[in-house]
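Data from input-v2.csv: CSV, C-alpha atoms
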```csv
chain,number,residue,atom,x,y,z
A,126,MET,CA,-97.6,76.2,127.3
A,127,ALA,CA,-100.5,78.6,126.6
A,128,SER,CA,-102.3,76.5,124.1
A,129,GLY,CA,-102.3,73.4,126.3
A,130,ALA,CA,-103.6,75.4,129.2
A,131,VAL,CA,-106.5,76.8,127.1
A,132,TYR,CA,-107.2,73.3,125.7
A,133,SER,CA,-107.3,71.6,129.1
A,134,ALA,CA,-109.2,74.5,130.8
A,135,LEU,CA,-111.9,75.1,128.2
A,136,PHE,CA,-112.1,72.4,125.5
A,137,ARG,CA,-111.4,69.3,127.5
A,138,ARG,CA,-114.7,69.0,129.3
A,139,ASN,CA,-117.9,69.1,127.3
A,140,TYR,CA,-119.8,71.5,129.6
A,141,THR,CA,-117.1,74.1,129.5
A,142,MET,CA,-117.0,73.7,125.7
A,143,LEU,CA,-120.7,74.1,125.5
A,144,GLY,CA,-120.7,77.1,127.8
A,145,LEU,CA,-117.9,78.7,125.8
A,146,VAL,CA,-119.9,78.1,122.6
A,147,PHE,CA,-123.0,79.7,124.0
A,148,ALA,CA,-121.1,82.7,125.4
A,149,GLY,CA,-119.4,83.1,122.1
A,150,ALA,CA,-122.7,83.0,120.3
A,151,PHE,CA,-124.1,85.7,122.6
A,152,ALA,CA,-121.0,87.9,122.1
A,153,PHE,CA,-121.0,87.2,118.3
A,154,GLU,CA,-124.7,88.1,118.0
A,155,MET,CA,-124.2,91.5,119.8
A,156,GLY,CA,-121.2,92.4,117.7
A,157,TYR,CA,-122.8,91.3,114.4
A,158,ASP,CA,-126.0,93.2,115.1
A,159,ASN,CA,-124.1,96.3,115.9
A,160,VAL,CA,-122.0,96.1,112.8
A,161,MET,CA,-124.9,95.3,110.5
A,162,ASN,CA,-126.9,98.2,112.0
A,163,LYS,CA,-124.0,100.5,111.4
A,164,VAL,CA,-123.7,99.3,107.8
A,165,TRP,CA,-127.4,99.8,107.2
A,166,ASP,CA,-127.5,103.2,108.7
A,167,ASN,CA,-124.4,104.2,106.7
A,168,TYR,CA,-125.9,102.9,103.5
A,169,ASN,CA,-129.2,104.7,104.1
A,170,ARG,CA,-127.8,107.9,105.5
A,171,GLY,CA,-130.1,110.9,105.1
A,172,ARG,CA,-133.1,108.7,104.2
A,173,GLN,CA,-134.3,107.5,107.6
A,174,TRP,CA,-136.7,109.3,109.9
A,175,LYS,CA,-134.1,109.8,112.6
A,176,ASP,CA,-131.9,111.6,110.0
A,177,ILE,CA,-134.7,114.1,108.9
A,178,ARG,CA,-136.6,114.4,112.1
A,179,HIS,CA,-135.1,117.7,113.1
A,180,LYS,CA,-136.5,119.3,109.9
A,181,TYR,CA,-140.1,118.6,110.8
A,182,VAL,CA,-140.2,118.4,114.6
A,183,GLU,CA,-139.1,121.4,116.5
A,184,GLY,CA,-137.8,121.2,120.0
A,185,GLY,CA,-139.2,118.6,122.4
A,186,ASP,CA,-138.1,115.1,122.1
A,187,ASP,CA,-141.4,113.9,123.5
A,188,GLU,CA,-143.1,111.6,121.2
B,283,MET,CA,-115.7,-7.4,116.6
B,284,ALA,CA,-117.6,-4.8,118.7
B,285,PRO,CA,-114.7,-3.9,121.0
B,286,LEU,CA,-112.3,-3.4,118.1
B,287,GLN,CA,-114.7,-1.0,116.4
B,288,THR,CA,-115.1,1.1,119.5
B,289,MET,CA,-111.3,1.2,119.9
B,290,SER,CA,-110.7,2.4,116.4
B,291,ARG,CA,-113.4,5.0,116.8
B,292,THR,CA,-111.8,6.3,120.0
B,293,LEU,CA,-108.4,6.5,118.3
B,294,ALA,CA,-109.9,8.4,115.3
B,295,ARG,CA,-111.6,10.8,117.7
B,296,SER,CA,-108.5,11.5,119.7
B,297,THR,CA,-106.4,12.2,116.6
B,298,ALA,CA,-109.2,14.5,115.3
B,299,ALA,CA,-109.3,16.3,118.6
B,300,ARG,CA,-105.5,16.7,118.6
B,301,LEU,CA,-105.3,17.9,115.0
B,302,PRO,CA,-106.7,21.4,115.5
B,303,THR,CA,-104.4,22.1,118.5
B,304,THR,CA,-101.4,21.2,116.4
B,305,ALA,CA,-102.6,23.2,113.5
B,306,ALA,CA,-103.5,26.2,115.7
B,307,SER,CA,-100.3,26.4,117.6
B,308,PRO,CA,-98.2,28.0,114.8
B,309,THR,CA,-100.8,30.7,114.2
B,310,THR,CA,-101.0,31.6,117.9
B,311,THR,CA,-97.2,31.9,118.1
B,312,THR,CA,-97.1,34.1,115.0
B,313,CYS,CA,-99.8,36.3,116.5
B,314,VAL,CA,-98.0,36.7,119.7
B,315,ARG,CA,-94.8,37.5,117.8
B,316,ALA,CA,-96.5,40.0,115.6
B,317,VAL,CA,-97.9,41.9,118.6
B,318,SER,CA,-94.7,41.7,120.6
B,319,SER,CA,-92.4,42.6,117.8
B,320,SER,CA,-94.6,45.5,116.3
B,321,PRO,CA,-93.3,48.8,117.6
B,322,ALA,CA,-96.7,50.4,117.0
B,323,LEU,CA,-96.9,52.1,120.4
B,324,SER,CA,-93.4,53.7,120.3
B,325,SER,CA,-93.4,54.9,116.7
B,326,PRO,CA,-96.3,54.3,114.3
B,327,ALA,CA,-94.3,55.2,111.2
B,328,THR,CA,-92.1,52.1,111.3
B,329,PHE,CA,-94.8,49.5,111.2
B,330,GLN,CA,-93.6,46.0,110.1
B,331,SER,CA,-96.2,44.0,108.3
B,332,PRO,CA,-96.3,40.4,109.5
B,333,PHE,CA,-97.2,39.2,105.9
B,334,THR,CA,-93.7,39.2,104.5
B,335,LEU,CA,-94.0,36.2,102.2
B,336,LYS,CA,-92.7,36.4,98.7
B,337,GLY,CA,-92.9,38.7,95.7
B,338,GLU,CA,-93.3,41.7,97.9
B,339,SER,CA,-94.5,44.7,95.8
B,340,LYS,CA,-94.5,48.3,96.7
B,341,SER,CA,-98.3,48.3,97.1
B,342,THR,CA,-98.2,46.0,100.1
B,343,GLN,CA,-95.7,48.2,102.0
B,344,VAL,CA,-97.0,50.7,104.5
B,345,PRO,CA,-95.8,54.1,103.1
B,346,ASP,CA,-93.8,56.6,105.1
B,347,PHE,CA,-96.1,59.1,106.7
B,348,SER,CA,-93.5,61.0,108.6
B,349,LYS,CA,-93.6,63.9,106.2
B,350,TYR,CA,-97.2,64.5,107.2
B,351,ILE,CA,-96.8,64.3,110.9
B,352,SER,CA,-97.4,67.6,112.6
B,353,LYS,CA,-94.3,69.2,114.0
B,354,LYS,CA,-96.2,71.2,116.5
B,355,GLN,CA,-95.9,70.4,120.1
B,356,GLY,CA,-98.6,69.2,122.5
B,357,SER,CA,-102.3,69.7,121.7
B,358,SER,CA,-102.1,72.8,119.5
B,359,ASN,CA,-103.7,71.0,116.6
B,360,ALA,CA,-106.5,69.7,118.8
B,361,LEU,CA,-106.9,73.3,120.1
B,362,PHE,CA,-107.2,74.7,116.6
B,363,SER,CA,-109.7,72.0,115.5
B,364,TYR,CA,-111.9,72.5,118.6
B,365,PHE,CA,-111.7,76.2,118.2
B,366,MET,CA,-113.0,75.9,114.6
B,367,VAL,CA,-115.8,73.5,115.8
B,368,GLY,CA,-116.7,75.8,118.6
B,369,THR,CA,-116.8,78.8,116.3
B,370,LEU,CA,-119.1,77.1,113.9
B,371,GLY,CA,-121.3,76.0,116.7
B,372,ALA,CA,-121.5,79.5,118.1
B,373,ILE,CA,-122.4,81.0,114.7
B,374,SER,CA,-125.0,78.3,114.1
B,375,ALA,CA,-126.5,78.9,117.6
B,376,ALA,CA,-126.7,82.7,117.0
B,377,GLY,CA,-128.3,82.1,113.6
B,378,ALA,CA,-130.9,79.6,115.0
B,379,LYS,CA,-131.7,82.0,117.8
B,380,SER,CA,-132.1,84.9,115.4
B,381,THR,CA,-134.4,82.8,113.1
B,382,VAL,CA,-136.7,81.8,115.9
B,383,GLN,CA,-136.7,85.3,117.4
B,384,GLU,CA,-137.6,87.0,114.0
B,385,PHE,CA,-140.5,84.6,113.5
B,386,LEU,CA,-141.9,85.4,117.0
B,387,VAL,CA,-141.3,89.1,116.6
B,388,ASN,CA,-143.1,88.9,113.3
B,389,MET,CA,-146.3,87.8,115.1
B,390,SER,CA,-146.4,90.6,117.7
B,391,ALA,CA,-148.3,93.8,117.1
B,392,SER,CA,-146.8,96.4,114.8
B,393,ALA,CA,-146.0,100.0,115.7
B,394,ASP,CA,-149.1,101.5,114.2
B,395,VAL,CA,-151.3,99.1,116.1
B,396,LEU,CA,-149.5,99.8,119.3
B,397,ALA,CA,-149.8,103.6,118.7
B,398,MET,CA,-153.6,103.2,118.5
B,399,ALA,CA,-153.8,100.9,121.5
B,400,LYS,CA,-153.9,103.7,124.1
B,401,VAL,CA,-156.2,106.6,124.3
B,402,GLU,CA,-155.8,109.6,126.6
B,403,VAL,CA,-158.8,111.6,127.8
B,404,ASP,CA,-158.7,114.9,129.6
B,405,LEU,CA,-161.1,114.5,132.5
B,406,ASN,CA,-161.2,118.2,133.4
B,407,ALA,CA,-163.2,118.8,130.3
B,408,ILE,CA,-166.1,116.5,131.4
B,409,PRO,CA,-168.5,118.2,133.8
B,410,GLU,CA,-170.4,116.3,136.4
B,411,GLY,CA,-173.4,114.4,135.2
B,412,LYS,CA,-172.3,114.2,131.6
B,413,ASN,CA,-171.4,111.4,129.3
B,414,VAL,CA,-168.5,111.3,126.9
B,415,ILE,CA,-168.1,108.8,124.1
B,416,ILE,CA,-164.7,108.2,122.7
B,417,LYS,CA,-163.3,105.7,120.2
B,418,TRP,CA,-160.8,103.2,121.4
B,419,ARG,CA,-159.6,100.3,119.3
B,420,GLY,CA,-162.5,100.7,117.0
B,421,LYS,CA,-165.1,100.6,119.8
B,422,PRO,CA,-166.9,103.3,121.6
B,423,VAL,CA,-166.0,103.8,125.3
B,424,PHE,CA,-168.5,105.5,127.6
B,425,ILE,CA,-167.0,107.8,130.3
B,426,ARG,CA,-169.5,109.2,132.8
B,427,HIS,CA,-168.8,111.7,135.4
B,428,ARG,CA,-171.3,110.5,138.0
B,429,THR,CA,-172.9,112.7,140.6
B,430,SER,CA,-172.9,111.6,144.2
B,431,ALA,CA,-176.7,110.9,144.0
B,432,GLU,CA,-175.9,108.5,141.1
B,433,ILE,CA,-173.2,106.8,143.0
B,434,ASP,CA,-175.5,106.3,146.0
B,435,GLU,CA,-178.1,104.9,143.6
B,436,ALA,CA,-175.6,102.4,142.2
B,437,ASN,CA,-174.6,101.3,145.6
B,438,GLN,CA,-178.1,100.8,146.9
B,439,VAL,CA,-178.9,98.0,144.4
B,440,ASN,CA,-179.2,94.6,145.9
B,441,VAL,CA,-176.3,92.8,144.2
B,442,ALA,CA,-177.7,89.3,144.7
B,443,SER,CA,-180.8,90.2,142.7
B,444,LEU,CA,-178.9,91.1,139.6
B,445,ARG,CA,-178.6,89.0,136.5
B,446,ASP,CA,-174.8,89.4,136.4
B,447,PRO,CA,-174.0,90.1,140.1
B,448,GLN,CA,-171.3,92.7,140.5
B,449,SER,CA,-171.0,95.4,143.0
B,450,ASP,CA,-170.4,99.0,141.9
B,451,GLU,CA,-166.9,99.1,143.6
B,452,ASP,CA,-165.8,96.2,141.4
B,453,ARG,CA,-166.7,98.2,138.3
B,454,VAL,CA,-165.0,101.5,139.0
B,455,LYS,CA,-161.6,102.7,140.2
B,456,LYS,CA,-162.9,106.1,141.3
B,457,PRO,CA,-166.7,106.2,142.1
B,458,GLU,CA,-167.2,109.5,140.2
B,459,TRP,CA,-165.7,108.1,137.0
B,460,LEU,CA,-167.5,105.2,135.3
B,461,VAL,CA,-165.5,103.9,132.3
B,462,MET,CA,-166.9,101.0,130.2
B,463,LEU,CA,-167.1,99.7,126.7
B,464,GLY,CA,-170.2,101.0,124.9
B,465,VAL,CA,-171.0,97.7,123.3
B,466,CYS,CA,-174.2,95.9,124.3
B,467,THR,CA,-173.4,92.4,125.6
B,468,HIS,CA,-176.4,91.1,123.7
B,469,LEU,CA,-175.6,91.5,120.0
B,470,GLY,CA,-173.1,94.4,120.0
B,471,CYS,CA,-175.2,97.5,119.4
B,472,VAL,CA,-174.2,100.8,121.0
B,473,PRO,CA,-176.6,101.7,123.9
B,474,ILE,CA,-178.0,105.2,124.3
B,475,GLY,CA,-176.9,107.2,127.3
B,476,GLU,CA,-179.2,108.6,130.0
B,477,ALA,CA,-182.1,106.5,128.8
B,478,GLY,CA,-184.0,103.4,129.9
B,479,ASP,CA,-185.9,102.4,133.0
B,480,PHE,CA,-182.9,102.6,135.3
B,481,GLY,CA,-181.4,105.9,134.5
B,482,GLY,CA,-178.4,104.5,132.8
B,483,TRP,CA,-178.1,103.2,129.3
B,484,PHE,CA,-180.7,101.7,126.9
B,485,CYS,CA,-179.9,99.5,123.9
B,486,PRO,CA,-182.4,100.4,121.1
B,487,CYS,CA,-181.8,97.2,119.2
B,488,HIS,CA,-183.5,94.7,121.5
B,489,GLY,CA,-184.4,96.8,124.5
B,490,SER,CA,-181.7,96.0,127.1
B,491,HIS,CA,-181.7,98.4,130.1
B,492,TYR,CA,-178.5,99.1,132.0
B,493,ASP,CA,-178.3,101.0,135.3
B,494,ILE,CA,-176.1,103.8,136.2
B,495,SER,CA,-173.2,101.4,136.9
B,496,GLY,CA,-173.6,99.8,133.5
B,497,ARG,CA,-175.1,96.6,134.9
B,498,ILE,CA,-177.8,94.7,133.0
B,499,ARG,CA,-181.2,95.1,134.6
B,500,LYS,CA,-183.8,94.3,132.0
B,501,GLY,CA,-183.9,92.9,128.5
B,502,PRO,CA,-182.1,90.2,126.6
B,503,ALA,CA,-178.4,91.1,127.3
B,504,PRO,CA,-176.7,88.4,129.5
B,505,LEU,CA,-173.9,90.4,131.0
B,506,ASN,CA,-173.0,93.9,132.4
B,507,LEU,CA,-171.2,96.3,130.1
B,508,GLU,CA,-167.6,95.4,129.9
B,509,VAL,CA,-165.0,97.5,131.7
B,510,PRO,CA,-161.7,98.1,129.9
B,511,THR,CA,-158.3,98.4,131.6
B,512,TYR,CA,-157.7,102.0,132.4
B,513,ASP,CA,-155.7,104.2,134.7
B,514,PHE,CA,-155.8,107.8,136.0
B,515,SER,CA,-152.6,109.7,135.4
B,516,ASP,CA,-151.4,112.4,137.8
B,517,ASP,CA,-152.4,115.5,135.7
B,518,GLY,CA,-156.2,114.7,135.6
B,519,LYS,CA,-156.1,112.5,132.6
B,520,LEU,CA,-157.5,109.1,131.9
B,521,VAL,CA,-155.5,106.6,129.9
B,522,ILE,CA,-157.5,103.7,128.5
B,523,GLY,CA,-155.6,100.6,127.4
```

Target encoding structure tokens, full file:
Amino acid sequence: MASGAVYSALFRRNYTMLGLVFAGAFAFEMGYDNVMNKVWDNYNRGRQWKDIRHKYVEGGDDE
Amino acid sequence: MAPLQTMSRTLARSTAARLPTTAASPTTTTCVRAVSSSPALSSPATFQSPFTLKGESKSTQVPDFSKYISKKQGSSNALFSYFMVGTLGAISAAGAKSTVQEFLVNMSASADVLAMAKVEVDLNAIPEGKNVIIKWRGKPVFIRHRTSAEIDEANQVNVASLRDPQSDEDRVKKPEWLVMLGVCTHLGCVPIGEAGDFGGWFCPCHGSHYDISGRIRKGPAPLNLEVPTYDFSDDGKLVIG
């Protein structure tokens, strides 16, 4: 049974549970940050420096 | 008289000692029967209360919980519970980490400060034997293109005789370029270049004389002029900071 295997492999021992929680926190944070940055950029589209930079700075990407 | 009294006492004691045992025996037997007869381990739903006396009302009966017993197999309920617990823990950990991190990032230097933290100087524009003063982090920085005679002069000084003993090699990265902060170590005035008794810098405020390596030679200042962190880039430029 799949659920029983998952339970005994990951949740049964405290250190595997804790490792899973921390790994999950890391993955969650990356995903959440990405999504929230996308939402922010989408909401402020056309208003940030990176959106209007090409109008004022010609050519070189050196800054 | 005395033996009779003792005898009656002994009898009374023996009966008193026997009484609890006779009284206790029924309870022990009921206890044993209750444990042995209760089928709690096999099926908890059919629990028989041992207190079946008289006037039994509905409130004293253990209700039937079989409707609420999970029909799922194995540990799937535990799996779900621990999954929810772990998810909450993960989100809490991410939130705690983010809180602490934002507080610490808040304390670091902002972008405009960092942009001012480094200064680039084109060394090709400075001829030999000339001073240049530039501003770096709100302070003047002296850059001197020293001649070979000045380098020799700086090296001939007996280091042990100085107030703040420091050899010329410790103060420069390339001997022809002397870079140091133009702040007098006495009270913070800006010394004047190519002046003073030692051919270096002279502080007009209280008369401190610095030599051609920026070392204090005469006057009230306690230390040599400070040398900032700097580096020479490949295309003949000096980066301070």

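What chain A places within 6 Å of chain B, counting only C-alpha atoms, is Ser128, Gly129, Tyr132, Val146, Gly149, Ala150 and Glu154 of chain A.
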
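Between atom CA of Ile408 of chain B and atom CA of His491 of chain B lies a distance of 23.9 Å.
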
Using only C-alpha atoms, find all polymer residues with an atom at most 7 Å away from the point (-179.1, 105.7, 140.1); report them as a ChimeraX atom specification.
/B:431-436,480-481,493-494

Test item: axis-aligned box, all listed atoms of segment 138-157 of chain A, 6 Å on each side, centre and edges in Å rounded to one decimal, as AutoDock Vina command-line options:
```
--center_x -119.7 --center_y 80.7 --center_z 122.0 --size_x 22.0 --size_y 35.4 --size_z 27.2
```

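Our summary of the geometry notes that atom CA of Gly496 of chain B is positioned 21.5 Å from atom CA of Glu402 of chain B.
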
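For the atom pair formed by atom CA of Tyr492 of chain B and atom CA of Leu405 of chain B, the distance is 23.2 Å, given to one decimal.
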
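Among B:Asp446, B:Glu476, B:Tyr512, B:Gly518, the residue with the shortest atom-to-atom distance to Lys400 of chain B, counting all atoms listed in the file, is B:Tyr512.
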
Taking (-131.4, 106.8, 105.0) in the file's coordinates as the center, which residues reach within 12 Å of it, counting all atoms listed in the file, put as a compact mmCIF listing (two decimals) with C-alpha atoms, keeping the file's coordinate frame?
```txt
# COMPACT_ATOMS: atom_id res chain seq x y z
CA ASN A 162 -126.90 98.20 112.00
CA LYS A 163 -124.00 100.50 111.40
CA VAL A 164 -123.70 99.30 107.80
CA TRP A 165 -127.40 99.80 107.20
CA ASP A 166 -127.50 103.20 108.70
CA ASN A 167 -124.40 104.20 106.70
CA TYR A 168 -125.90 102.90 103.50
CA ASN A 169 -129.20 104.70 104.10
CA ARG A 170 -127.80 107.90 105.50
CA GLY A 171 -130.10 110.90 105.10
CA ARG A 172 -133.10 108.70 104.20
CA GLN A 173 -134.30 107.50 107.60
CA TRP A 174 -136.70 109.30 109.90
CA LYS A 175 -134.10 109.80 112.60
CA ASP A 176 -131.90 111.60 110.00
CA ILE A 177 -134.70 114.10 108.90
CA ARG A 178 -136.60 114.40 112.10
```

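The residue that comes closest to Leu520 of chain B, out of B:Pro332, B:Pro486, B:Thr467, B:Asp404 and on the basis of all atoms listed in the file, is B:Asp404.
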
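Nearest to Ala327 of chain B of all the residues B:Ser348, B:Thr381, B:Thr342, B:Asn437 is B:Ser348, counting all atoms listed in the file.
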
Compile the contact shell of Met398 of chain B as an MDAnalysis selection string: residues with an atom at most 12 Å away, counting all atoms listed in the file, same-chain residues fewer than 4 positions apart removed.
chainID B and resid 391:394 402 417:421 522:523

Completed segment 170-184 of chain A (N, CA and C atoms) as a PDB file, keeping the file's coordinate frame:
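Output contents, as saved in rebuild01.pdb:
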```pdb
ATOM      1  N   ARG A 170    -127.961 106.630 104.758  1.00  0.00           N
ATOM      2  CA  ARG A 170    -127.800 107.900 105.500  1.00  0.00           C
ATOM      3  C   ARG A 170    -128.589 108.996 104.791  1.00  0.00           C
ATOM      4  N   GLY A 171    -129.304 109.766 105.616  1.00  0.00           N
ATOM      5  CA  GLY A 171    -130.100 110.900 105.100  1.00  0.00           C
ATOM      6  C   GLY A 171    -131.479 110.448 104.617  1.00  0.00           C
ATOM      7  N   ARG A 172    -131.803 109.183 104.703  1.00  0.00           N
ATOM      8  CA  ARG A 172    -133.100 108.700 104.200  1.00  0.00           C
ATOM      9  C   ARG A 172    -134.009 108.250 105.301  1.00  0.00           C
ATOM     10  N   GLN A 173    -133.486 108.072 106.513  1.00  0.00           N
ATOM     11  CA  GLN A 173    -134.300 107.500 107.600  1.00  0.00           C
ATOM     12  C   GLN A 173    -134.931 108.686 108.382  1.00  0.00           C
ATOM     13  N   TRP A 174    -136.010 108.322 109.111  1.00  0.00           N
ATOM     14  CA  TRP A 174    -136.700 109.300 109.900  1.00  0.00           C
ATOM     15  C   TRP A 174    -135.841 109.986 110.908  1.00  0.00           C
ATOM     16  N   LYS A 175    -134.965 109.215 111.526  1.00  0.00           N
ATOM     17  CA  LYS A 175    -134.100 109.800 112.600  1.00  0.00           C
ATOM     18  C   LYS A 175    -133.111 110.786 111.967  1.00  0.00           C
ATOM     19  N   ASP A 176    -132.867 110.679 110.661  1.00  0.00           N
ATOM     20  CA  ASP A 176    -131.900 111.600 110.000  1.00  0.00           C
ATOM     21  C   ASP A 176    -132.635 112.937 109.653  1.00  0.00           C
ATOM     22  N   ILE A 177    -133.953 112.874 109.347  1.00  0.00           N
ATOM     23  CA  ILE A 177    -134.700 114.100 108.900  1.00  0.00           C
ATOM     24  C   ILE A 177    -135.637 114.600 109.898  1.00  0.00           C
ATOM     25  N   ARG A 178    -135.650 113.998 111.076  1.00  0.00           N
ATOM     26  CA  ARG A 178    -136.600 114.400 112.100  1.00  0.00           C
ATOM     27  C   ARG A 178    -136.515 115.834 112.473  1.00  0.00           C
ATOM     28  N   HIS A 179    -135.282 116.331 112.581  1.00  0.00           N
ATOM     29  CA  HIS A 179    -135.100 117.700 113.100  1.00  0.00           C
ATOM     30  C   HIS A 179    -135.646 118.729 112.094  1.00  0.00           C
ATOM     31  N   LYS A 180    -135.888 118.339 110.858  1.00  0.00           N
ATOM     32  CA  LYS A 180    -136.500 119.300 109.900  1.00  0.00           C
ATOM     33  C   LYS A 180    -137.954 119.503 110.138  1.00  0.00           C
ATOM     34  N   TYR A 181    -138.614 118.508 110.713  1.00  0.00           N
ATOM     35  CA  TYR A 181    -140.100 118.600 110.800  1.00  0.00           C
ATOM     36  C   TYR A 181    -140.542 118.748 112.271  1.00  0.00           C
ATOM     37  N   VAL A 182    -139.801 118.269 113.216  1.00  0.00           N
ATOM     38  CA  VAL A 182    -140.200 118.400 114.600  1.00  0.00           C
ATOM     39  C   VAL A 182    -139.300 119.353 115.314  1.00  0.00           C
ATOM     40  N   GLU A 183    -139.935 120.413 115.812  1.00  0.00           N
ATOM     41  CA  GLU A 183    -139.100 121.400 116.500  1.00  0.00           C
ATOM     42  C   GLU A 183    -139.108 121.089 118.001  1.00  0.00           C
ATOM     43  N   GLY A 184    -137.945 121.281 118.569  1.00  0.00           N
ATOM     44  CA  GLY A 184    -137.800 121.200 120.000  1.00  0.00           C
ATOM     45  C   GLY A 184    -138.020 119.843 120.582  1.00  0.00           C
TER      46      GLY A 184
END
```
